[in-house]
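For reference, protein-v4.txt (compact mmCIF, C-alpha atoms and all ligand atoms):
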```
# COMPACT_ATOMS: atom_id res chain seq x y z
CA MET A 485 149.70 69.19 191.79
CA PRO A 486 147.58 66.31 190.49
CA ILE A 487 145.30 64.78 193.12
CA PHE A 488 146.65 61.22 193.12
CA THR A 489 150.04 61.49 191.42
CA PRO A 490 152.81 63.69 192.70
CA GLY A 491 154.43 65.84 190.03
CA ARG A 492 153.57 68.63 187.67
CA ARG A 493 150.12 68.81 186.23
CA TRP A 494 150.44 69.95 182.63
CA GLN A 495 153.84 68.76 181.49
CA PRO A 496 153.51 67.79 177.81
CA PRO A 497 154.42 64.16 177.14
CA PHE A 498 158.08 63.50 176.30
CA TYR A 499 159.19 67.06 176.98
CA PRO A 500 161.78 67.54 179.66
CA PHE A 501 160.34 70.13 181.99
CA LYS A 502 162.45 72.80 183.54
CA LYS A 503 161.28 76.00 185.03
CA GLU A 504 162.54 78.79 182.81
CA PRO A 505 162.80 82.40 184.02
CA PHE A 506 159.58 84.40 183.70
CA GLY A 507 160.81 86.37 180.66
CA ALA A 508 161.67 83.19 178.75
CA ARG A 509 158.32 81.61 179.64
CA LEU A 510 156.50 84.73 178.52
CA LEU A 511 158.38 84.77 175.21
CA ALA A 512 157.68 81.05 174.75
CA GLY A 513 153.99 81.67 175.40
CA ILE A 514 153.86 84.48 172.81
CA GLU A 515 155.82 82.37 170.29
CA LYS A 516 153.39 79.51 170.77
CA MET A 517 150.39 81.81 170.41
CA VAL A 518 151.73 83.22 167.14
CA LYS A 519 153.37 80.17 165.56
CA GLY A 520 150.79 77.67 166.77
CA PRO A 521 147.90 78.90 164.58
CA LEU A 522 150.20 79.99 161.74
CA PHE A 523 152.47 76.95 161.43
CA GLY A 524 151.12 74.30 163.79
CA CYS A 525 154.26 74.86 165.89
CA ARG A 526 155.05 72.07 168.35
CA MET A 527 157.63 74.16 170.22
CA CYS A 528 160.60 71.98 169.37
CA GLY A 529 162.82 74.86 170.47
CA ASN A 530 165.09 74.32 167.44
CA CYS A 531 163.11 76.10 164.72
CA LEU A 532 163.82 75.32 161.08
CA LEU A 533 160.97 77.21 159.42
CA GLN A 534 163.30 79.40 157.34
CA GLU A 535 164.91 76.35 155.76
CA THR A 536 161.74 74.37 155.26
CA ALA A 537 159.75 76.88 153.20
CA PHE A 538 157.83 77.95 156.32
CA ILE A 539 156.23 74.55 156.86
CA CYS A 540 156.92 72.98 160.24
CA PRO A 541 158.91 69.75 159.65
CA MET A 542 158.05 68.43 163.09
CA GLU A 543 154.79 67.12 161.70
CA CYS A 544 156.81 64.22 160.26
CA PRO A 545 155.88 61.23 162.46
CA LYS A 546 159.37 59.82 161.97
CA GLY A 547 160.81 63.06 163.33
CA ILE A 548 163.07 63.43 160.29
CA ARG A 549 164.58 66.89 159.90
CA ASN A 550 166.47 66.40 156.64
CA GLY A 551 163.96 65.48 153.94
CA PRO A 552 161.53 62.66 153.10
CA CYS A 553 162.37 59.08 154.04
CA GLY A 554 162.55 56.34 151.44
CA GLY A 555 159.16 54.88 152.36
CA SER A 556 156.83 57.79 151.69
CA THR A 557 155.01 58.39 148.45
CA GLU A 558 153.50 61.42 146.84
CA GLU A 559 150.09 60.38 148.13
CA HIS A 560 150.78 59.73 151.77
CA CYS A 561 153.17 59.25 154.64
CA TYR A 562 153.85 55.55 155.10
CA VAL A 563 153.86 55.75 158.88
CA ASP A 564 150.50 57.51 159.00
CA GLU A 565 148.56 56.90 155.82
CA THR A 566 145.86 59.37 156.77
CA ARG A 567 148.10 62.31 155.96
CA PRO A 568 150.44 63.45 153.19
CA CYS A 569 154.19 63.36 153.66
CA ILE A 570 155.00 66.78 155.06
CA TRP A 571 158.39 66.70 153.34
CA TYR A 572 156.70 66.55 149.94
CA LYS A 573 154.84 69.71 150.86
CA ILE A 574 158.07 71.34 152.02
CA TYR A 575 159.99 70.41 148.87
CA ASP A 576 157.12 71.43 146.63
CA ARG A 577 156.80 74.87 148.22
CA ALA A 578 160.57 75.36 148.38
CA PHE A 579 160.74 74.84 144.61
CA LYS A 580 157.86 77.24 144.03
CA MET A 581 159.54 79.87 146.22
CA GLY A 582 162.96 79.30 144.63
CA ARG A 583 164.38 78.28 148.02
CA GLU A 584 165.43 74.74 147.12
CA GLU A 585 169.11 75.42 147.86
CA TYR A 586 168.17 75.66 151.56
CA LEU A 587 167.12 72.01 151.42
CA LEU A 588 170.71 70.96 150.79
CA GLU A 589 171.99 72.07 154.15
CA VAL A 590 172.56 69.29 156.70
CA LEU A 591 170.32 70.27 159.58
CA PRO A 592 171.05 69.30 163.17
CA PRO A 593 169.16 66.94 165.42
CA LEU A 594 167.16 68.44 168.26
CA ASP A 595 169.01 69.91 171.17
CA TRP A 596 166.71 68.34 173.73
CA ASN A 597 167.70 70.86 176.33
CA LYS A 598 165.77 73.41 174.27
CA VAL A 599 162.71 71.34 173.44
CA GLY A 600 159.58 73.04 174.75
CA THR A 601 161.28 76.43 174.98
CA GLU A 602 161.30 79.39 172.59
CA THR A 603 163.54 79.98 169.58
CA TRP A 604 162.85 83.70 169.39
CA GLY A 605 165.24 84.42 172.26
CA ASP A 606 168.10 83.05 170.14
CA VAL A 607 166.96 85.12 167.16
CA ILE A 608 166.78 88.32 169.24
CA GLN A 609 170.26 87.65 170.64
CA GLN A 610 171.61 87.13 167.15
CA VAL A 611 169.98 90.33 165.86
CA ARG A 612 171.70 92.22 168.68
CA LYS A 613 175.01 90.57 167.86
CA VAL A 614 174.81 91.52 164.18
CA GLY A 615 173.45 94.99 165.02
CA THR A 616 169.76 95.87 165.02
CA LYS A 617 170.21 98.80 162.63
CA LYS A 618 172.23 96.71 160.20
CA VAL A 619 169.61 93.96 160.24
CA VAL A 620 166.69 96.34 159.72
CA THR A 621 168.34 98.26 156.86
CA GLY A 622 169.58 95.01 155.30
CA LEU A 623 166.15 93.43 155.34
CA LEU A 624 164.61 96.59 153.85
CA SER A 625 167.21 96.70 151.10
CA LYS A 626 165.98 96.48 147.51
CA ASP A 627 168.91 94.21 146.63
CA PRO A 628 167.82 90.55 147.11
CA ALA A 629 171.45 89.43 147.55
CA GLN A 630 171.92 91.91 150.38
CA ARG A 631 168.68 90.79 152.00
CA ALA A 632 169.78 87.14 151.79
CA ILE A 633 173.15 87.94 153.41
CA VAL A 634 171.54 89.75 156.33
CA TRP A 635 168.88 87.06 156.70
CA ASP A 636 171.53 84.38 156.86
CA SER A 637 173.68 86.33 159.31
CA VAL A 638 170.77 86.17 161.75
CA PHE A 639 169.28 82.74 161.10
CA LYS A 640 172.26 80.58 160.17
CA PRO A 641 173.87 80.67 163.62
CA VAL A 642 170.45 79.86 165.12
CA ARG A 643 169.84 76.81 162.94
CA GLN A 644 173.49 75.69 162.83
CA PRO A 645 174.81 75.78 166.41
CA ASP A 646 178.55 75.52 167.02
CA TRP A 647 178.29 71.85 167.98
CA TRP A 648 176.87 71.00 164.57
CA GLN A 649 178.05 73.41 161.83
CA GLY A 650 176.19 71.67 159.04
CA ASP A 651 176.41 73.08 155.54
CA ALA A 652 175.56 72.27 151.93
CA GLU A 653 179.15 71.67 150.79
CA TYR A 654 180.73 68.46 149.59
CA HIS A 655 183.33 67.25 152.08
CA PRO A 656 185.75 64.81 150.52
CA PRO A 657 187.33 62.35 152.98
CA MET A 658 190.52 63.61 154.61
CA TYR A 659 192.41 60.49 153.54
CA THR A 660 193.59 59.28 150.17
CA GLU A 661 194.24 55.55 150.53
CA PRO A 662 191.02 53.48 150.51
CA ILE A 663 190.00 52.24 153.91
CA SER A 664 188.41 49.01 152.75
CA GLU A 665 188.50 46.67 149.78
CA LEU A 666 184.98 47.76 148.85
CA GLU A 667 186.10 51.39 148.75
CA ARG A 668 189.17 50.49 146.73
CA ARG A 669 187.11 48.70 144.11
CA LEU A 670 184.52 51.45 143.90
CA LYS A 671 187.21 54.09 143.56
CA ALA A 672 188.82 52.05 140.79
CA GLY A 673 185.52 52.29 138.93
CA GLU A 674 184.80 48.58 139.10
CA PHE A 675 181.28 47.24 138.82
CA VAL A 676 180.77 46.00 142.33
CA VAL A 677 178.27 43.50 143.66
CA THR A 678 177.42 43.17 147.33
CA SER A 679 174.90 40.81 148.83
CA GLU A 680 172.69 41.04 151.84
CA VAL A 681 172.69 38.33 154.48
CA ALA A 682 169.89 38.50 156.99
CA PRO A 683 171.19 38.03 160.54
CA PRO A 684 169.82 34.98 162.34
CA MET A 685 166.85 35.12 164.66
CA THR A 686 168.59 32.90 167.21
CA VAL A 687 172.00 32.74 168.88
CA SER A 688 172.98 29.87 166.63
CA THR A 689 175.50 31.06 164.05
CA GLY A 690 175.93 27.89 161.94
CA LYS A 691 173.65 29.02 159.11
CA LEU A 692 175.06 32.53 159.16
CA LEU A 693 178.63 31.27 158.80
CA SER A 694 177.70 28.84 156.03
CA ASN A 695 175.92 31.66 154.14
CA ILE A 696 179.00 33.85 154.50
CA GLU A 697 181.22 31.07 153.12
CA LEU A 698 178.77 30.43 150.30
CA ILE A 699 178.67 33.95 148.86
CA LYS A 700 182.11 35.21 149.90
CA PRO A 701 183.82 34.32 146.58
CA TYR A 702 181.20 36.09 144.48
CA VAL A 703 180.77 39.47 146.15
CA ALA A 704 182.90 42.44 147.11
CA ALA A 705 181.23 42.71 150.50
CA ILE A 706 178.37 41.27 152.52
CA ASN A 707 175.70 43.55 153.99
CA PHE A 708 174.22 42.69 157.35
CA THR A 709 170.82 44.21 157.89
CA ASP A 710 169.92 45.95 161.11
CA SER A 711 166.61 44.51 162.32
CA PRO A 712 164.67 45.06 159.06
CA SER A 713 160.92 45.73 159.35
CA ALA A 714 161.69 46.87 162.90
CA THR A 715 161.79 43.20 163.96
CA PRO A 716 164.70 42.18 166.18
CA ARG A 717 167.39 39.81 164.94
CA MET A 718 171.05 39.29 165.81
CA SER A 719 172.82 42.66 165.70
CA SER A 720 174.46 43.84 162.53
CA TRP A 721 177.75 44.54 164.27
CA ALA A 722 178.00 41.03 165.74
CA CYS A 723 177.41 39.50 162.27
CA SER A 724 179.92 41.93 160.75
CA VAL A 725 182.60 40.93 163.25
CA MET A 726 181.96 37.24 162.52
CA ALA A 727 182.33 37.98 158.80
CA VAL A 728 185.70 39.66 159.47
CA GLN A 729 186.80 36.57 161.41
CA ALA A 730 185.66 34.39 158.48
CA GLY A 731 187.79 36.42 156.06
CA ALA A 732 184.89 38.24 154.36
CA GLU A 733 184.37 41.97 154.09
CA PRO A 734 181.23 43.15 155.88
CA VAL A 735 179.06 46.21 155.40
CA MET A 736 177.54 46.98 158.77
CA GLN A 737 174.11 48.56 158.33
CA ILE A 738 172.94 50.92 161.04
CA ALA A 739 169.34 52.03 161.34
CA ALA A 740 168.90 55.46 162.89
CA ARG A 741 165.59 54.18 164.26
CA ASP A 742 167.32 52.39 167.14
CA ARG A 743 170.19 54.74 167.86
CA THR A 744 170.77 57.68 170.09
CA ARG A 745 173.66 59.97 169.27
CA VAL A 746 175.67 58.47 172.14
CA GLY A 747 174.90 54.88 171.13
CA LEU A 748 175.82 55.50 167.51
CA GLN A 749 179.26 56.91 168.27
CA ALA A 750 180.05 54.21 170.81
CA GLU A 751 178.94 51.39 168.51
CA VAL A 752 180.93 52.61 165.53
CA LEU A 753 184.12 52.97 167.58
CA GLY A 754 183.68 49.43 168.92
CA ALA A 755 182.90 47.87 165.55
CA ASN A 756 185.79 49.65 163.89
CA ALA A 757 188.20 48.48 166.59
CA LEU A 758 187.04 44.92 165.80
CA GLY A 759 187.83 45.30 162.11
CA VAL A 760 184.58 46.58 160.56
CA ARG A 761 185.38 49.22 157.96
CA ASN A 762 182.21 49.73 155.90
CA ILE A 763 179.19 51.39 157.51
CA LEU A 764 175.88 51.94 155.74
CA CYS A 765 173.68 54.58 157.36
CA LEU A 766 169.91 54.14 157.02
CA SER A 767 166.87 55.72 158.61
CA GLY A 768 165.39 52.26 159.18
CA ASP A 769 161.90 50.89 158.72
CA SER A 770 159.33 52.50 160.92
CA MET A 771 157.96 50.71 163.98
CA ARG A 772 154.70 50.84 162.03
CA MET A 773 155.95 47.70 160.24
CA ALA A 774 156.88 45.93 163.47
CA PRO A 775 154.92 43.21 165.24
CA ASP A 776 152.95 44.29 168.34
CA PRO A 777 153.51 45.84 170.77
CA ARG A 778 154.73 48.78 168.71
CA GLY A 779 157.45 51.07 169.97
CA ARG A 780 158.11 54.68 169.08
CA MET A 781 157.34 55.47 165.47
CA ASP A 782 160.05 58.09 165.07
CA VAL A 783 163.79 57.66 164.55
CA VAL A 784 164.38 58.41 168.24
CA ASP A 785 167.24 60.85 168.12
CA ILE A 786 168.99 61.23 164.76
CA ASP A 787 168.15 60.61 161.10
CA SER A 788 170.37 58.91 158.53
CA ILE A 789 171.79 62.17 157.15
CA GLN A 790 172.67 63.33 160.64
CA MET A 791 174.32 59.94 161.26
CA ILE A 792 176.49 60.42 158.18
CA TRP A 793 177.45 63.92 159.33
CA ILE A 794 178.37 62.72 162.83
CA LEU A 795 180.46 59.81 161.50
CA ARG A 796 182.16 61.99 158.90
CA ARG A 797 183.24 64.44 161.56
CA MET A 798 184.45 61.63 163.81
CA ARG A 799 186.54 60.22 160.95
CA ASP A 800 187.81 63.39 159.24
CA GLU A 801 187.96 65.87 162.10
CA GLY A 802 188.64 63.39 164.91
CA LYS A 803 185.80 64.81 167.00
CA TYR A 804 182.86 63.47 168.94
CA LEU A 805 179.59 65.32 168.44
CA ASP A 806 180.17 67.08 171.76
CA GLY A 807 183.47 68.47 170.45
CA ARG A 808 185.87 66.24 172.42
CA ALA A 809 188.88 65.10 170.43
CA ILE A 810 189.23 61.43 169.50
CA LYS A 811 192.87 60.49 169.86
CA PHE A 812 192.63 57.62 167.38
CA PRO A 813 189.64 58.38 165.14
CA PRO A 814 187.73 55.58 163.41
CA LYS A 815 188.75 54.54 159.90
CA ILE A 816 185.48 53.93 158.15
CA PHE A 817 184.04 53.98 154.66
CA ILE A 818 180.66 55.65 155.11
CA GLY A 819 177.77 54.69 152.85
CA ALA A 820 174.26 55.96 152.26
CA ALA A 821 171.23 54.49 150.53
CA ALA A 822 169.46 56.08 147.56
CA SER A 823 165.83 55.44 146.70
CA PRO A 824 165.57 56.75 143.13
CA TYR A 825 161.94 55.65 142.76
CA ALA A 826 160.76 56.73 146.19
CA SER A 827 159.44 60.13 145.20
CA GLU A 828 159.60 62.79 142.53
CA PRO A 829 163.07 62.57 140.98
CA ARG A 830 163.84 66.27 141.58
CA PHE A 831 163.03 65.82 145.30
CA GLN A 832 164.94 62.60 145.57
CA ALA A 833 167.93 64.13 143.77
CA ILE A 834 168.21 66.80 146.47
CA ARG A 835 168.08 64.24 149.22
CA GLU A 836 170.65 61.94 147.63
CA HIS A 837 172.90 64.93 146.88
CA LYS A 838 172.70 65.95 150.52
CA LYS A 839 173.79 62.46 151.60
S1 LIG B 1 160.39 73.71 163.57
FE1 LIG B 1 160.05 73.60 165.81
S2 LIG B 1 159.88 75.73 166.55
FE2 LIG B 1 159.69 75.76 164.28
S3 LIG B 1 157.48 75.71 163.90
FE3 LIG B 1 158.18 73.56 163.93
S4 LIG B 1 157.97 72.83 166.06
FE4 LIG B 1 157.81 75.09 166.04
```
Take the structure I supplied and represent it as structure tokens, if you would.
Amino acid sequence: MPIFTPGRRWQPPFYPFKKEPFGARLLAGIEKMVKGPLFGCRMCGNCLLQETAFICPMECPKGIRNGPCGGSTEEHCYVDETRPCIWYKIYDRAFKMGREEYLLEVLPPLDWNKVGTETWGDVIQQVRKVGTKKVVTGLLSKDPAQRAIVWDSVFKPVRQPDWWQGDAEYHPPMYTEPISELERRLKAGEFVVTSEVAPPMTVSTGKLLSNIELIKPYVAAINFTDSPSATPRMSSWACSVMAVQAGAEPVMQIAARDRTRVGLQAEVLGANALGVRNILCLSGDSMRMAPDPRGRMDVVDIDSIQMIWILRRMRDEGKYLDGRAIKFPPKIFIGAAASPYASEPRFQAIREHKK
């Protein structure tokens, strides 16, 4: 016990602490001893090394687990300019190793119940499930295809838990009729223009409504930003609802930076019930760009690709992330942003393809 403060002495910051059984703690200790020096492991408990060319992605200060964000450059990470973007390193090595197809898989957010614990226990369990002999002979096989199958039979269930089931496939929407006018026009192959309207910095809505009226006749939809530069303004959903009431079609932007998985699902259901049909999922500018005092620099809980995956499943499968059925699922046209000039085109192409 600390001398002046009740509580545990060496709990790492941010990690939930629970006392694991001795065997699990021992395994976690060994895993840390091995993976710490080799990979700089931070014991996220949800290991992705096999998919990230054996470079730990948890070095990313934004906490992104699905590729580089739009702000980073080849030279450095834009949140911490003293270091390179770890995702560049991952993509670069993946290409050199011929493992770039692994980068297309939509990887899950952290299961925070496992943070700080070992991943090896899950791997051992999976090896037992597949059959130790089968795994050993498969991995020793001279046939690379056979080796890949066995490898995946062990590691895929570990990295893709039942509650997530991410993959690298294209999932067309489960509906045929367009959900919004913007979707209809895009599907018809029209050249479509949308315009951004910055939400007000006050509770006064006069200027916002006059801006909506001003551009409404000229655009297919109006985007409402979600606290750009990590600086608070009126919420994107409130502006979107006002646009609906004014007879305009809104695109509600959502920055992953400010959302938890619970908050995201709740907000989208509410906005959709109020008539918002178009949702644009973004990682969001880092708190690095915000005025002082700065908040957390990461995207808190989920990145933009994970947001898209969660919303797609809500819409097409009628399921919350936790698996509960949604009796009346949201009807939403889900959008993503592309940053074609953000990084090397071959890297960016993978990320946009994944979205
Ligand atoms: S992905 Fe997680 S478990 Fe794997 S090396 Fe990085 S911090 Fe450790």
Worksheet item: Taking all atoms listed in the file into account, which residues are within 6 Å of ligand LIG 1 (chain B), as number ranges by chain?
Response: A: 523, 525-533, 540-542
Take the residues from that selection and write them out as a PDB file, in the frame of the given file, keeping C-alpha atoms.
```
ATOM      1  CA  PHE A 523     152.470  76.950 161.430  1.00  0.00           C
ATOM      2  CA  CYS A 525     154.260  74.860 165.890  1.00  0.00           C
ATOM      3  CA  ARG A 526     155.050  72.070 168.350  1.00  0.00           C
ATOM      4  CA  MET A 527     157.630  74.160 170.220  1.00  0.00           C
ATOM      5  CA  CYS A 528     160.600  71.980 169.370  1.00  0.00           C
ATOM      6  CA  GLY A 529     162.820  74.860 170.470  1.00  0.00           C
ATOM      7  CA  ASN A 530     165.090  74.320 167.440  1.00  0.00           C
ATOM      8  CA  CYS A 531     163.110  76.100 164.720  1.00  0.00           C
ATOM      9  CA  LEU A 532     163.820  75.320 161.080  1.00  0.00           C
ATOM     10  CA  LEU A 533     160.970  77.210 159.420  1.00  0.00           C
ATOM     11  CA  CYS A 540     156.920  72.980 160.240  1.00  0.00           C
ATOM     12  CA  PRO A 541     158.910  69.750 159.650  1.00  0.00           C
ATOM     13  CA  MET A 542     158.050  68.430 163.090  1.00  0.00           C
TER      14      MET A 542
END
```
Near A:Leu587, counting all atoms listed in the file, which residues have an atom at most 12 Å away, once you skip same-chain residues fewer than 3 positions from it, shown as a short mmCIF file (atom, residue, chain, number, x, y, z; two decimals) with C-alpha atoms, keeping the file's coordinate frame?
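Heads up, here's the output in result.cif:
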```cif
data_model
loop_
_atom_site.label_atom_id
_atom_site.label_comp_id
_atom_site.auth_asym_id
_atom_site.auth_seq_id
_atom_site.Cartn_x
_atom_site.Cartn_y
_atom_site.Cartn_z
CA LEU A 532 163.82 75.32 161.08
CA LEU A 533 160.97 77.21 159.42
CA GLN A 534 163.30 79.40 157.34
CA GLU A 535 164.91 76.35 155.76
CA THR A 536 161.74 74.37 155.26
CA ALA A 537 159.75 76.88 153.20
CA PRO A 541 158.91 69.75 159.65
CA ARG A 549 164.58 66.89 159.90
CA ASN A 550 166.47 66.40 156.64
CA GLY A 551 163.96 65.48 153.94
CA PRO A 552 161.53 62.66 153.10
CA TRP A 571 158.39 66.70 153.34
CA TYR A 572 156.70 66.55 149.94
CA ILE A 574 158.07 71.34 152.02
CA TYR A 575 159.99 70.41 148.87
CA ASP A 576 157.12 71.43 146.63
CA ARG A 577 156.80 74.87 148.22
CA ALA A 578 160.57 75.36 148.38
CA PHE A 579 160.74 74.84 144.61
CA GLY A 582 162.96 79.30 144.63
CA ARG A 583 164.38 78.28 148.02
CA GLU A 584 165.43 74.74 147.12
CA VAL A 590 172.56 69.29 156.70
CA LEU A 591 170.32 70.27 159.58
CA GLY A 650 176.19 71.67 159.04
CA ASP A 651 176.41 73.08 155.54
CA ALA A 652 175.56 72.27 151.93
CA ARG A 830 163.84 66.27 141.58
CA PHE A 831 163.03 65.82 145.30
CA GLN A 832 164.94 62.60 145.57
CA ALA A 833 167.93 64.13 143.77
CA ILE A 834 168.21 66.80 146.47
CA ARG A 835 168.08 64.24 149.22
CA GLU A 836 170.65 61.94 147.63
CA HIS A 837 172.90 64.93 146.88
CA LYS A 838 172.70 65.95 150.52
CA LYS A 839 173.79 62.46 151.60
#
```
Fill in: Gap from atom CA of A:Gln610 to atom CA of A:Ser625 - Å, one decimal
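It comes out at 19.2 Å.
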Worksheet item: Interatomic distance between atom CA of A:His655 and atom CA of A:Asp769?
Response: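 These two atoms are separated by 27.8 Å.
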Worksheet entry | Atom pair atom CA of A:Pro521 / atom CA of A:Thr557: separation (Å) | 27.0 Å
List the spatial neighbours of A:Glu680 as a PDB file with C-alpha atoms, keeping the file's coordinate frame - criterion: any atom at most 8 Å away, only C-alpha atoms, same-chain residues fewer than 5 positions off excluded.
```pdb
ATOM      1  CA  ILE A 706     178.370  41.270 152.520  1.00  0.00           C
ATOM      2  CA  ASN A 707     175.700  43.550 153.990  1.00  0.00           C
ATOM      3  CA  PHE A 708     174.220  42.690 157.350  1.00  0.00           C
ATOM      4  CA  THR A 709     170.820  44.210 157.890  1.00  0.00           C
TER       5      THR A 709
END
```
Produce the centre coordinates and the three edge lengths, each in Å to one decimal, of the box along x, y and z that contains all listed atoms of stretch 668-685 of chain A with 6 Å added on each side, as lines of an AutoDock Vina configuration file.
```
center_x = 178.0
center_y = 44.5
center_z = 151.7
size_x = 34.3
size_y = 31.1
size_z = 37.8
```
Fill in: Among the residues A:Ala730, A:Leu594, A:Val687, A:Leu588, the one that comes closest to A:Arg643 [using only C-alpha atoms]
A:Leu594
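Of the listed residues (A:Gln649, A:Leu623, A:Pro641, A:Met726), A:Gln649 comes nearest to A:Gly807; the distances count only C-alpha atoms.
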Practice prompt. Find, counting all atoms listed in the file, the residue in A:Glu801, A:Lys618, A:Gly507, A:Asp595 that gets nearest to A:Trp635.
Written response: A:Lys618
Discussion item. I need the residue nearest A:Pro712 from this list: A:Lys700, A:Arg761, A:Leu766, A:Thr678. Use all atoms listed in the file for the distance.
Written reply: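 Under the stated criterion, the closest residue is A:Leu766.
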Practice prompt. Measuring atom to atom with all atoms listed in the file, identify which of A:Glu585, A:Asp627, A:Arg668, A:Ile633 is nearest to A:Glu653.
Written response: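 Closest to A:Glu653 of all the choices is A:Glu585.
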Worksheet entry | Nearby residues (only C-alpha atoms) at most 8 Å from A:Tyr804, same-chain spacing under 6 positions excluded, as a ChimeraX atom specification | /A:749,794,797-798,810
Discussion item. Just checking: using all atoms listed in the file, which residue out of A:Ser664, A:Gln790, A:Lys598, A:Val746 ends up closest to A:Gly759?
Written reply: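 Of A:Ser664, A:Gln790, A:Lys598, A:Val746, the one nearest A:Gly759, counting all atoms listed in the file, is A:Ser664.
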A:Cys553 environment, 12 Å, only C-alpha atoms, sequence neighbours closer than 3 positions dropped, as an mmCIF file with C-alpha atoms, in the frame of the given file:
```
data_model
loop_
_atom_site.group_PDB
_atom_site.id
_atom_site.type_symbol
_atom_site.label_atom_id
_atom_site.label_comp_id
_atom_site.auth_asym_id
_atom_site.auth_seq_id
_atom_site.Cartn_x
_atom_site.Cartn_y
_atom_site.Cartn_z
ATOM 1 C CA CYS A 544 156.810 64.220 160.260
ATOM 2 C CA PRO A 545 155.880 61.230 162.460
ATOM 3 C CA LYS A 546 159.370 59.820 161.970
ATOM 4 C CA GLY A 547 160.810 63.060 163.330
ATOM 5 C CA ILE A 548 163.070 63.430 160.290
ATOM 6 C CA ARG A 549 164.580 66.890 159.900
ATOM 7 C CA ASN A 550 166.470 66.400 156.640
ATOM 8 C CA SER A 556 156.830 57.790 151.690
ATOM 9 C CA THR A 557 155.010 58.390 148.450
ATOM 10 C CA GLU A 558 153.500 61.420 146.840
ATOM 11 C CA HIS A 560 150.780 59.730 151.770
ATOM 12 C CA CYS A 561 153.170 59.250 154.640
ATOM 13 C CA TYR A 562 153.850 55.550 155.100
ATOM 14 C CA VAL A 563 153.860 55.750 158.880
ATOM 15 C CA CYS A 569 154.190 63.360 153.660
ATOM 16 C CA ILE A 570 155.000 66.780 155.060
ATOM 17 C CA TRP A 571 158.390 66.700 153.340
ATOM 18 C CA TYR A 572 156.700 66.550 149.940
ATOM 19 C CA ALA A 740 168.900 55.460 162.890
ATOM 20 C CA ARG A 741 165.590 54.180 164.260
ATOM 21 C CA LEU A 766 169.910 54.140 157.020
ATOM 22 C CA SER A 767 166.870 55.720 158.610
ATOM 23 C CA GLY A 768 165.390 52.260 159.180
ATOM 24 C CA ASP A 769 161.900 50.890 158.720
ATOM 25 C CA SER A 770 159.330 52.500 160.920
ATOM 26 C CA ASP A 782 160.050 58.090 165.070
ATOM 27 C CA VAL A 783 163.790 57.660 164.550
ATOM 28 C CA ASP A 787 168.150 60.610 161.100
ATOM 29 C CA SER A 788 170.370 58.910 158.530
ATOM 30 C CA ILE A 789 171.790 62.170 157.150
ATOM 31 C CA ALA A 821 171.230 54.490 150.530
ATOM 32 C CA ALA A 822 169.460 56.080 147.560
ATOM 33 C CA SER A 823 165.830 55.440 146.700
ATOM 34 C CA PRO A 824 165.570 56.750 143.130
ATOM 35 C CA TYR A 825 161.940 55.650 142.760
ATOM 36 C CA ALA A 826 160.760 56.730 146.190
ATOM 37 C CA SER A 827 159.440 60.130 145.200
ATOM 38 C CA PHE A 831 163.030 65.820 145.300
ATOM 39 C CA GLN A 832 164.940 62.600 145.570
ATOM 40 C CA ARG A 835 168.080 64.240 149.220
ATOM 41 C CA GLU A 836 170.650 61.940 147.630
#
```
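Near A:Ser719, within a cut-off of 9 Å and counting only C-alpha atoms, sit the residues Pro683, Pro684, Phe708, Thr709, Asp710, Ser711, Pro716, Arg717, Trp721, Ala722, Cys723 and Ser724 of chain A, with same-chain residues fewer than 2 positions away left out.
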